[in-house]
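S.K.: Sending over protein_37.txt (compact mmCIF, C-alpha atoms).
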```
# COMPACT_ATOMS: atom_id res chain seq x y z
CA MET A 1 82.98 103.45 134.53
CA LYS A 2 83.89 102.35 131.01
CA LYS A 3 81.30 102.83 128.26
CA ILE A 4 80.07 99.99 126.05
CA LEU A 5 80.50 100.79 122.37
CA PHE A 6 77.14 101.12 120.62
CA LEU A 7 76.15 97.49 121.16
CA LEU A 8 73.19 97.46 118.80
CA LEU A 9 75.10 99.11 115.96
CA CYS A 10 78.03 96.78 116.45
CA GLY A 11 75.72 93.79 116.41
CA ILE A 12 74.35 94.93 113.06
CA ILE A 13 77.86 95.43 111.70
CA LEU A 14 78.92 91.99 112.90
CA PHE A 15 75.90 90.45 111.20
CA THR A 16 76.81 92.25 107.97
CA CYS A 17 80.45 91.20 108.21
CA SER A 18 79.45 87.57 108.58
CA PHE A 19 78.25 87.71 104.98
CA GLY A 20 81.70 88.69 103.75
CA LEU A 21 81.54 92.39 102.91
CA SER A 22 85.04 93.50 101.89
CA GLY A 23 86.85 95.96 104.13
CA CYS A 24 84.86 94.98 107.24
CA LYS A 25 87.79 93.95 109.42
CA ASN A 26 87.00 95.42 112.85
CA PRO A 27 83.47 96.34 113.90
CA TYR A 28 84.65 98.02 117.11
CA PRO A 29 86.63 101.21 116.33
CA TYR A 30 88.54 102.88 119.16
CA LEU A 31 86.60 105.87 120.47
CA GLY A 32 88.95 106.94 123.26
CA GLU A 33 91.17 110.01 123.59
CA TYR A 34 94.57 108.40 122.95
CA LYS A 35 94.31 107.25 119.36
CA GLU A 36 98.05 107.62 118.71
CA LEU A 37 98.92 105.41 121.71
CA TYR A 38 96.20 102.94 120.77
CA THR A 39 97.77 102.70 117.30
CA THR A 40 101.17 102.05 118.85
CA ALA A 41 99.83 99.27 121.06
CA VAL A 42 97.83 97.36 118.43
CA TYR A 43 100.73 97.31 115.96
CA SER A 44 103.36 96.56 118.63
CA ILE A 45 101.71 93.67 120.48
CA PRO A 46 101.28 90.93 117.84
CA ASP A 47 98.00 89.43 119.05
CA ALA A 48 96.38 92.73 120.05
CA GLU A 49 92.88 92.99 118.59
CA GLY A 50 92.13 96.58 119.55
CA TYR A 51 89.02 96.13 121.68
CA MET A 52 87.61 94.16 124.60
CA HIS A 53 85.01 91.51 123.83
CA HIS A 54 81.86 91.82 125.89
CA GLY A 55 78.96 89.62 124.92
CA GLU A 56 77.39 91.14 121.82
CA GLY A 57 79.54 94.28 121.93
CA ALA A 58 82.84 95.57 123.19
CA TYR A 59 84.63 98.12 125.32
CA ASN A 60 87.35 100.50 124.22
CA SER A 61 90.86 99.36 125.00
CA ASP A 62 92.03 101.00 128.21
CA ILE A 63 95.11 103.27 128.28
CA TYR A 64 96.87 105.00 131.17
CA ILE A 65 99.86 107.31 130.59
CA TRP A 66 102.65 106.96 133.16
CA GLU A 67 105.21 109.45 131.89
CA GLN A 68 106.73 111.23 128.91
CA ASP A 69 110.31 112.31 128.21
CA GLU A 70 111.48 115.61 126.71
CA TYR A 71 111.69 114.14 123.20
CA GLY A 72 108.07 113.02 123.05
CA ARG A 73 108.34 109.38 124.11
CA THR A 74 105.34 108.11 126.05
CA LEU A 75 105.27 105.16 128.44
CA PHE A 76 101.78 103.82 129.07
CA SER A 77 99.77 100.85 130.28
CA TYR A 78 97.46 99.11 127.82
CA CYS A 79 94.66 96.62 128.41
CA GLU A 80 92.11 95.04 126.08
CA ASP A 81 91.22 92.12 128.32
CA ASN A 82 87.68 92.43 129.65
CA HIS A 83 88.57 90.20 132.61
CA TYR A 84 91.58 92.32 133.65
CA ARG A 85 94.07 89.51 133.28
CA ILE A 86 96.52 90.52 130.55
CA PHE A 87 98.18 93.93 130.69
CA GLY A 88 100.87 95.57 128.59
CA LEU A 89 103.43 98.27 129.26
CA VAL A 90 104.28 100.06 126.00
CA ILE A 91 106.55 102.87 124.76
CA CYS A 92 105.71 105.08 121.80
CA GLN A 93 108.76 106.97 120.48
CA THR A 94 106.79 109.89 119.07
CA TYR A 95 103.87 110.83 116.85
CA ASP A 96 102.75 113.64 114.60
CA LYS A 97 99.42 114.55 113.04
CA THR A 98 99.32 111.42 110.89
CA ASP A 99 101.73 108.74 112.14
CA VAL A 100 103.12 107.00 115.20
CA TYR A 101 106.72 105.79 115.57
CA PHE A 102 108.09 103.03 117.79
CA TYR A 103 110.91 100.49 118.08
CA PRO A 104 109.54 97.10 116.95
CA ASP A 105 109.58 94.04 119.24
CA VAL A 106 111.37 95.78 122.12
CA ASN A 107 108.82 98.41 123.10
CA TYR A 108 106.34 96.31 125.09
CA ILE A 109 106.16 93.94 128.04
CA LEU A 110 103.15 91.80 128.96
CA THR A 111 102.00 90.48 132.31
CA PHE A 112 99.23 88.20 133.56
CA ILE A 113 97.28 89.14 136.69
CA GLU A 114 94.60 86.77 137.94
CA SER A 115 91.36 88.65 138.52
CA GLU A 116 87.61 88.31 138.34
CA ASP A 117 86.92 92.04 137.91
CA LEU A 118 85.05 93.08 134.79
CA TYR A 119 84.88 96.50 133.17
CA GLU A 120 81.23 96.94 134.13
CA TRP A 121 82.31 97.60 137.70
CA ALA A 122 85.77 99.09 137.19
CA SER A 123 86.63 102.59 138.38
CA ASP A 124 88.32 105.04 136.02
CA ASP A 125 91.67 104.65 137.81
CA HIS A 126 91.55 100.85 137.88
CA LEU A 127 94.17 100.39 135.14
CA LYS A 128 96.56 102.74 136.96
CA ASN A 129 96.05 100.98 140.28
CA ARG A 130 96.22 97.53 138.74
CA THR A 131 99.49 98.07 136.87
CA GLU A 132 101.43 100.37 139.16
CA ASN A 133 103.72 97.64 140.52
CA PHE A 134 104.15 96.21 137.02
CA TYR A 135 105.20 99.66 135.82
CA LEU A 136 107.62 100.26 138.70
CA GLU A 137 109.28 96.86 138.25
CA ASN A 138 109.73 97.08 134.47
CA LYS A 139 110.01 100.75 133.48
CA ASP A 140 113.79 101.06 133.73
CA LYS A 141 114.55 98.09 131.46
CA LEU A 142 111.91 99.16 128.96
CA LYS A 143 113.23 102.72 128.95
CA GLU A 144 116.79 101.55 128.35
CA GLU A 145 115.79 99.44 125.37
CA ASN A 146 113.85 102.35 123.89
CA ASP A 147 116.49 105.12 124.33
CA TRP A 148 114.51 107.07 126.92
CA ASN A 149 115.68 110.69 127.24
CA LYS A 150 117.99 110.37 124.25
CA PRO A 151 117.51 112.30 120.98
CA LEU A 152 114.98 110.68 118.66
CA ASN A 153 116.26 108.31 115.99
CA LYS A 154 113.45 107.63 113.54
CA SER A 155 115.70 105.37 111.47
CA LYS A 156 115.20 102.73 114.22
CA CYS A 157 111.43 103.14 114.16
CA VAL A 158 108.60 101.49 112.34
CA SER A 159 105.73 103.82 111.54
CA TYR A 160 101.99 103.33 111.13
CA PRO A 161 99.19 105.75 110.27
CA ILE A 162 97.17 106.75 113.32
CA THR A 163 93.98 104.70 113.26
CA ASP A 164 90.95 103.62 115.25
CA HIS A 165 91.31 99.93 114.33
CA LYS A 166 94.00 97.39 113.45
CA ASP A 167 94.21 96.93 109.68
CA LEU A 168 96.78 94.65 108.05
CA GLY A 169 95.62 95.17 104.47
CA GLU A 170 92.84 93.83 102.27
CA ASN A 171 95.07 91.57 100.15
CA VAL A 172 96.69 89.61 102.97
CA LYS A 173 95.69 85.95 102.66
CA SER A 174 94.69 83.89 105.66
CA LEU A 175 95.60 80.21 105.80
CA SER A 176 92.96 77.70 104.72
CA LYS A 177 91.42 75.27 107.17
CA THR A 178 93.13 72.43 105.31
CA LYS A 179 96.53 74.05 105.71
CA CYS A 180 95.91 74.75 109.39
CA ASP A 181 94.91 71.14 110.00
CA GLU A 182 98.08 70.04 108.24
CA ILE A 183 100.28 72.28 110.41
CA LEU A 184 98.49 71.31 113.64
CA SER A 185 98.60 67.60 112.80
CA GLU A 186 102.33 67.68 112.02
CA TYR A 187 103.00 69.32 115.38
CA SER A 188 100.59 66.96 117.17
CA GLU A 189 102.57 63.95 115.94
CA THR A 190 105.42 65.09 118.22
CA LEU A 191 103.08 64.77 121.23
CA ASN A 192 102.29 61.07 120.71
CA LEU A 193 98.68 61.55 121.76
CA PRO A 194 96.72 58.29 122.14
CA ASN A 195 93.70 59.65 120.24
CA PRO A 196 94.47 62.69 118.05
CA GLU A 197 91.76 64.26 115.87
CA SER A 198 92.29 64.18 112.11
CA GLY A 199 91.06 67.78 111.92
CA PRO A 200 92.01 69.65 115.13
CA HIS A 201 91.70 73.17 113.66
CA ARG A 202 89.21 75.49 115.37
CA TYR A 203 90.23 78.99 114.25
CA ASN A 204 93.11 81.00 112.85
CA SER A 205 93.91 84.67 112.36
CA ILE A 206 96.56 87.02 110.97
CA LEU A 207 98.61 88.95 113.53
CA GLN A 208 101.25 90.92 111.61
CA VAL A 209 102.70 91.44 108.12
CA ASP A 210 106.26 92.45 107.22
CA ALA A 211 107.72 94.63 104.45
CA GLU A 212 108.08 91.68 102.06
CA GLY A 213 104.61 90.27 102.60
CA LYS A 214 105.53 87.57 105.11
CA ILE A 215 102.66 86.89 107.49
CA LEU A 216 102.57 86.00 111.19
CA HIS A 217 99.57 83.70 111.73
CA GLU A 218 97.93 82.36 114.88
CA ILE A 219 96.40 78.87 114.70
CA TYR A 220 94.32 77.27 117.44
CA GLY A 221 93.50 73.57 117.54
CA VAL A 222 91.87 71.06 119.89
CA HIS A 223 92.06 67.28 120.22
CA GLN A 224 88.94 66.09 122.03
CA HIS A 225 89.21 62.85 124.02
CA TYR A 226 92.92 62.95 123.19
CA ASP A 227 93.76 60.31 125.83
CA ASN A 228 90.83 57.96 125.32
CA PRO A 229 90.50 56.15 121.95
CA ASP A 230 87.49 54.18 123.24
CA TRP A 231 85.62 57.06 124.84
CA GLU A 232 81.88 56.95 125.46
CA LYS A 233 79.42 59.75 126.18
CA THR A 234 79.44 58.90 129.88
CA ASP A 235 83.24 59.29 130.14
CA GLU A 236 84.86 62.43 131.53
CA PHE A 237 85.47 64.93 128.74
CA THR A 238 89.14 65.62 128.04
CA CYS A 239 90.82 67.78 125.42
CA TYR A 240 94.27 68.91 124.37
CA ASN A 241 94.65 72.59 123.39
CA ILE A 242 97.30 73.92 121.01
CA LEU A 243 98.12 77.48 119.98
CA LEU A 244 100.80 77.96 117.31
CA TRP A 245 102.29 81.05 115.71
CA VAL A 246 103.44 80.43 112.15
CA ILE A 247 105.36 82.69 109.77
CA THR A 248 104.66 82.12 106.09
CA ASP A 249 105.35 83.92 102.86
CA LYS A 250 102.42 85.64 101.15
CA ASP A 251 101.46 82.33 99.48
CA GLY A 252 101.35 80.33 102.71
CA ASN A 253 104.72 78.56 102.43
CA TYR A 254 106.75 78.22 105.62
CA ASP A 255 109.97 76.80 107.01
CA LYS A 256 108.96 73.62 108.86
CA GLU A 257 112.05 73.80 111.06
CA ASN A 258 112.02 77.48 112.01
CA GLY A 259 108.60 78.75 110.98
CA ILE A 260 106.52 77.53 113.93
CA MET A 261 106.52 78.78 117.52
CA VAL A 262 104.45 76.94 120.12
CA MET A 263 102.62 79.49 122.29
CA TYR A 264 100.87 76.92 124.42
CA SER A 265 100.30 73.18 124.28
CA THR A 266 98.41 71.78 127.23
CA PRO A 267 95.75 69.21 128.21
CA ASN A 268 92.36 70.06 129.70
CA GLU A 269 92.80 73.83 129.87
CA SER A 270 90.65 75.84 127.47
CA GLU A 271 91.56 79.27 128.87
CA LYS A 272 93.28 81.25 126.13
CA SER A 273 94.86 83.83 128.46
CA PHE A 274 98.62 83.64 128.07
CA ILE A 275 101.56 85.99 127.83
CA TYR A 276 104.88 85.81 126.01
CA ASN A 277 108.20 87.61 125.92
CA ALA A 278 108.83 90.19 123.21
CA GLU A 279 112.39 88.85 123.01
CA ASP A 280 111.11 85.42 121.96
CA VAL A 281 108.95 86.96 119.25
CA LEU A 282 111.91 88.99 118.01
CA GLU A 283 114.11 85.88 117.83
CA PHE A 284 111.36 83.96 116.03
CA LYS A 285 111.11 86.71 113.45
CA LYS A 286 114.88 86.82 112.97
CA GLN A 287 114.92 83.07 112.28
CA ASN A 288 112.40 83.69 109.51
CA ASN A 289 114.09 86.76 107.99
CA TRP A 290 111.32 89.11 109.05
CA VAL A 291 111.77 92.58 107.53
CA ASN A 292 110.24 95.52 109.38
CA ILE A 293 108.95 98.54 107.50
CA TYR A 294 111.27 101.38 108.42
CA ARG A 295 110.68 104.87 107.17
CA ASP A 296 112.16 108.21 108.16
CA LYS A 297 110.03 111.32 107.81
```
Could you express the structure from this file as structure tokens?

M.R.:
Amino acid sequence: MKKILFLLLCGIILFTCSFGLSGCKNPYPYLGEYKELYTTAVYSIPDAEGYMHHGEGAYNSDIYIWEQDEYGRTLFSYCEDNHYRIFGLVICQTYDKTDVYFYPDVNYILTFIESEDLYEWASDDHLKNRTENFYLENKDKLKEENDWNKPLNKSKCVSYPITDHKDLGENVKSLSKTKCDEILSEYSETLNLPNPESGPHRYNSILQVDAEGKILHEIYGVHQHYDNPDWEKTDEFTCYNILLWVITDKDGNYDKENGIMVMYSTPNESEKSFIYNAEDVLEFKKQNNWVNIYRDK
């Protein structure tokens, strides 16, 4: 049975963070035994948050190790979805006392499994049982792309300090609500909605940062009553949901042709659970001259 992380303390921290204390980025630090693999997962999977939301608190991300090769690579399952729907299979190249090393944008695969199970009632081997077929079906391809059982080549790796939370830096600037509304509205024009909102933005966040300060953002927007310009309170509620990933420079400028990737765009479905291919993310980054931080130690 998975333990809830100090709910009362976390609630206090969240309350404090809401008043803008600097450096308060993640109120739910990872308290599990695989901190090096946790670090690999949260910096590999772009939209990984590093914890599972659960009411006023959170659970630790769940990790199950499948196998290791003779050079120190580790293949493991990762889950931070409280509803057991989105799972990842990840490879860490190696780690030492301070850092983890992995191949960027080719070292993970995501899958979606419909389920109603919550972590309150999950057994300790649930992640293993849940992802065994996923592992068996995808391990060979993932191993090939990550040089499994070959000598280590750190020149191909990005490296991050081992941590208990995802931290992209204090000076990284998020996009303003005005800018997000502008981006969402420009995309929405391509949909020809009968009744678009002038301000569809609901939230946005920063996912990753490259060596030159370029930022991968996530922007979520909603158009309520998108198909009914003359709606009344008694009418059936409808909405159009949009999730965009946008790459900007450190000042928020972006390439309008290549700098936006649509993650989902759908009517009347508010569920945010979705998966994507690492290959698509890699291609998106290439189109925007993304520069990974490589370092050989």

S.K.: How close does each residue of range 95-196 of chain A get to range 240-254 of chain A, giving the shortest atom pair and distance in Å to one decimal for every residue with an atom at most 8 Å away, counting only C-alpha atoms, sorted by chain and residue number, as CSV?

M.R.:
```
residue,atom,partner,partner_atom,distance
A:Val172,CA,A:Lys250,CA,7.2
A:Lys173,CA,A:Lys250,CA,6.9
A:Leu175,CA,A:Gly252,CA,6.5
A:Leu184,CA,A:Ile242,CA,7.9
```

S.K.: For range 60-146 of chain A versus range 25-39 of chain A, which residues have an atom no more than 8 Å away, and what is each residue's nearest atom pair and distance in Å rounded to one decimal, using all atoms listed in the file, chain-then-number order, as a tab-separated table?

M.R.:
```
residue	atom	partner	partner_atom	distance
A:Asn60	CA	A:Tyr30	CA	5.7
A:Ser61	CA	A:Tyr30	CA	7.2
A:Ile63	CA	A:Tyr34	CA	7.4
A:Cys92	CA	A:Leu37	CA	6.8
A:Tyr95	CA	A:Glu36	CA	6.9
A:Asp99	CA	A:Glu36	CA	7.6
A:Val100	CA	A:Glu36	CA	6.2
```

S.K.: Any idea what's packed within 12 Å of Phe102 in chain A, counting all atoms listed in the file, ignoring anything in its chain fewer than 3 positions away? Could you give it as a ChimeraX atom specification?

M.R.: /A:36-37,39-45,72-75,90-95,99,105-108,145-148,152-161,292-296

S.K.: Find the residue from A:Tyr64, A:Tyr103, A:Tyr59, A:Tyr71 that sits nearest to Thr131 in chain A; use all atoms listed in the file when measuring.

M.R.: A:Tyr64

S.K.: Name the closest residue to Val291 in chain A among the candidates A:Pro104, A:Phe112, A:Lys141, A:Asp124; distances are taken between atoms, counting all atoms listed in the file.

M.R.: A:Pro104

S.K.: What is the CA of Leu89 in chain A-CA of Glu67 in chain A distance in Å, reported with one decimal?

M.R.: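 A separation of 11.6 Å between them.
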
S.K.: Using only C-alpha atoms, which residue out of A:Glu70, A:Glu236, A:Glu279, A:Asp47 lies closest to Pro151 in chain A?

M.R.: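 Nearest to Pro151 in chain A: A:Glu70.
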
S.K.: Looking at A:His201, A:Gly88, A:Glu137, A:Asp81, which one is nearest to Thr178 in chain A, with distances taken over all atoms listed in the file?

M.R.: A:His201

S.K.: Which protein, DNA or RNA residues are at most 12 Å from (103.6, 65.3, 120.3) in the file's coordinates when you count all atoms listed in the file, listed as a list in words?

M.R.: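 Within 12 Å of (103.6, 65.3, 120.3), the protein and nucleic acid residues are Leu184, Ser185, Glu186, Tyr187, Ser188, Glu189, Thr190, Leu191, Asn192, Leu193, Pro194, Asn195, Pro196, His223, Tyr226, Tyr240, Asn241, Ile242, Val262, Ser265, Thr266 and Pro267 of chain A.
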
S.K.: What does the distance from CA of His83 in chain A to CA of Tyr135 in chain A come to in Å, to one decimal?

M.R.: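 Separation of CA of His83 in chain A and CA of Tyr135 in chain A: 19.4 Å.
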
S.K.: Any idea what the distance is between CA of Gly221 in chain A and CA of Arg202 in chain A?

M.R.: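 Distance between the two atoms: 5.2 Å.
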
S.K.: Taking only C-alpha atoms into account, name the residue in A:Ile275, A:Ile109, A:Leu282, A:Val222 that is nearest to Lys139 in chain A.

M.R.: A:Ile109

S.K.: Taking (97.7, 84.2, 126.0) in the coordinates of the supplied file, I want to know which residues reach to within 10 Å of it, counting all atoms listed in the file; could you give the answer as a list of chain:residue names?

M.R.: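 Final list of nearby residues, as requested, is A:Asp47, A:Arg85, A:Ile86, A:Leu110, A:Thr111, A:Phe112, A:Leu243, A:Met263, A:Tyr264, A:Glu271, A:Lys272, A:Ser273, A:Phe274, A:Ile275, A:Tyr276.
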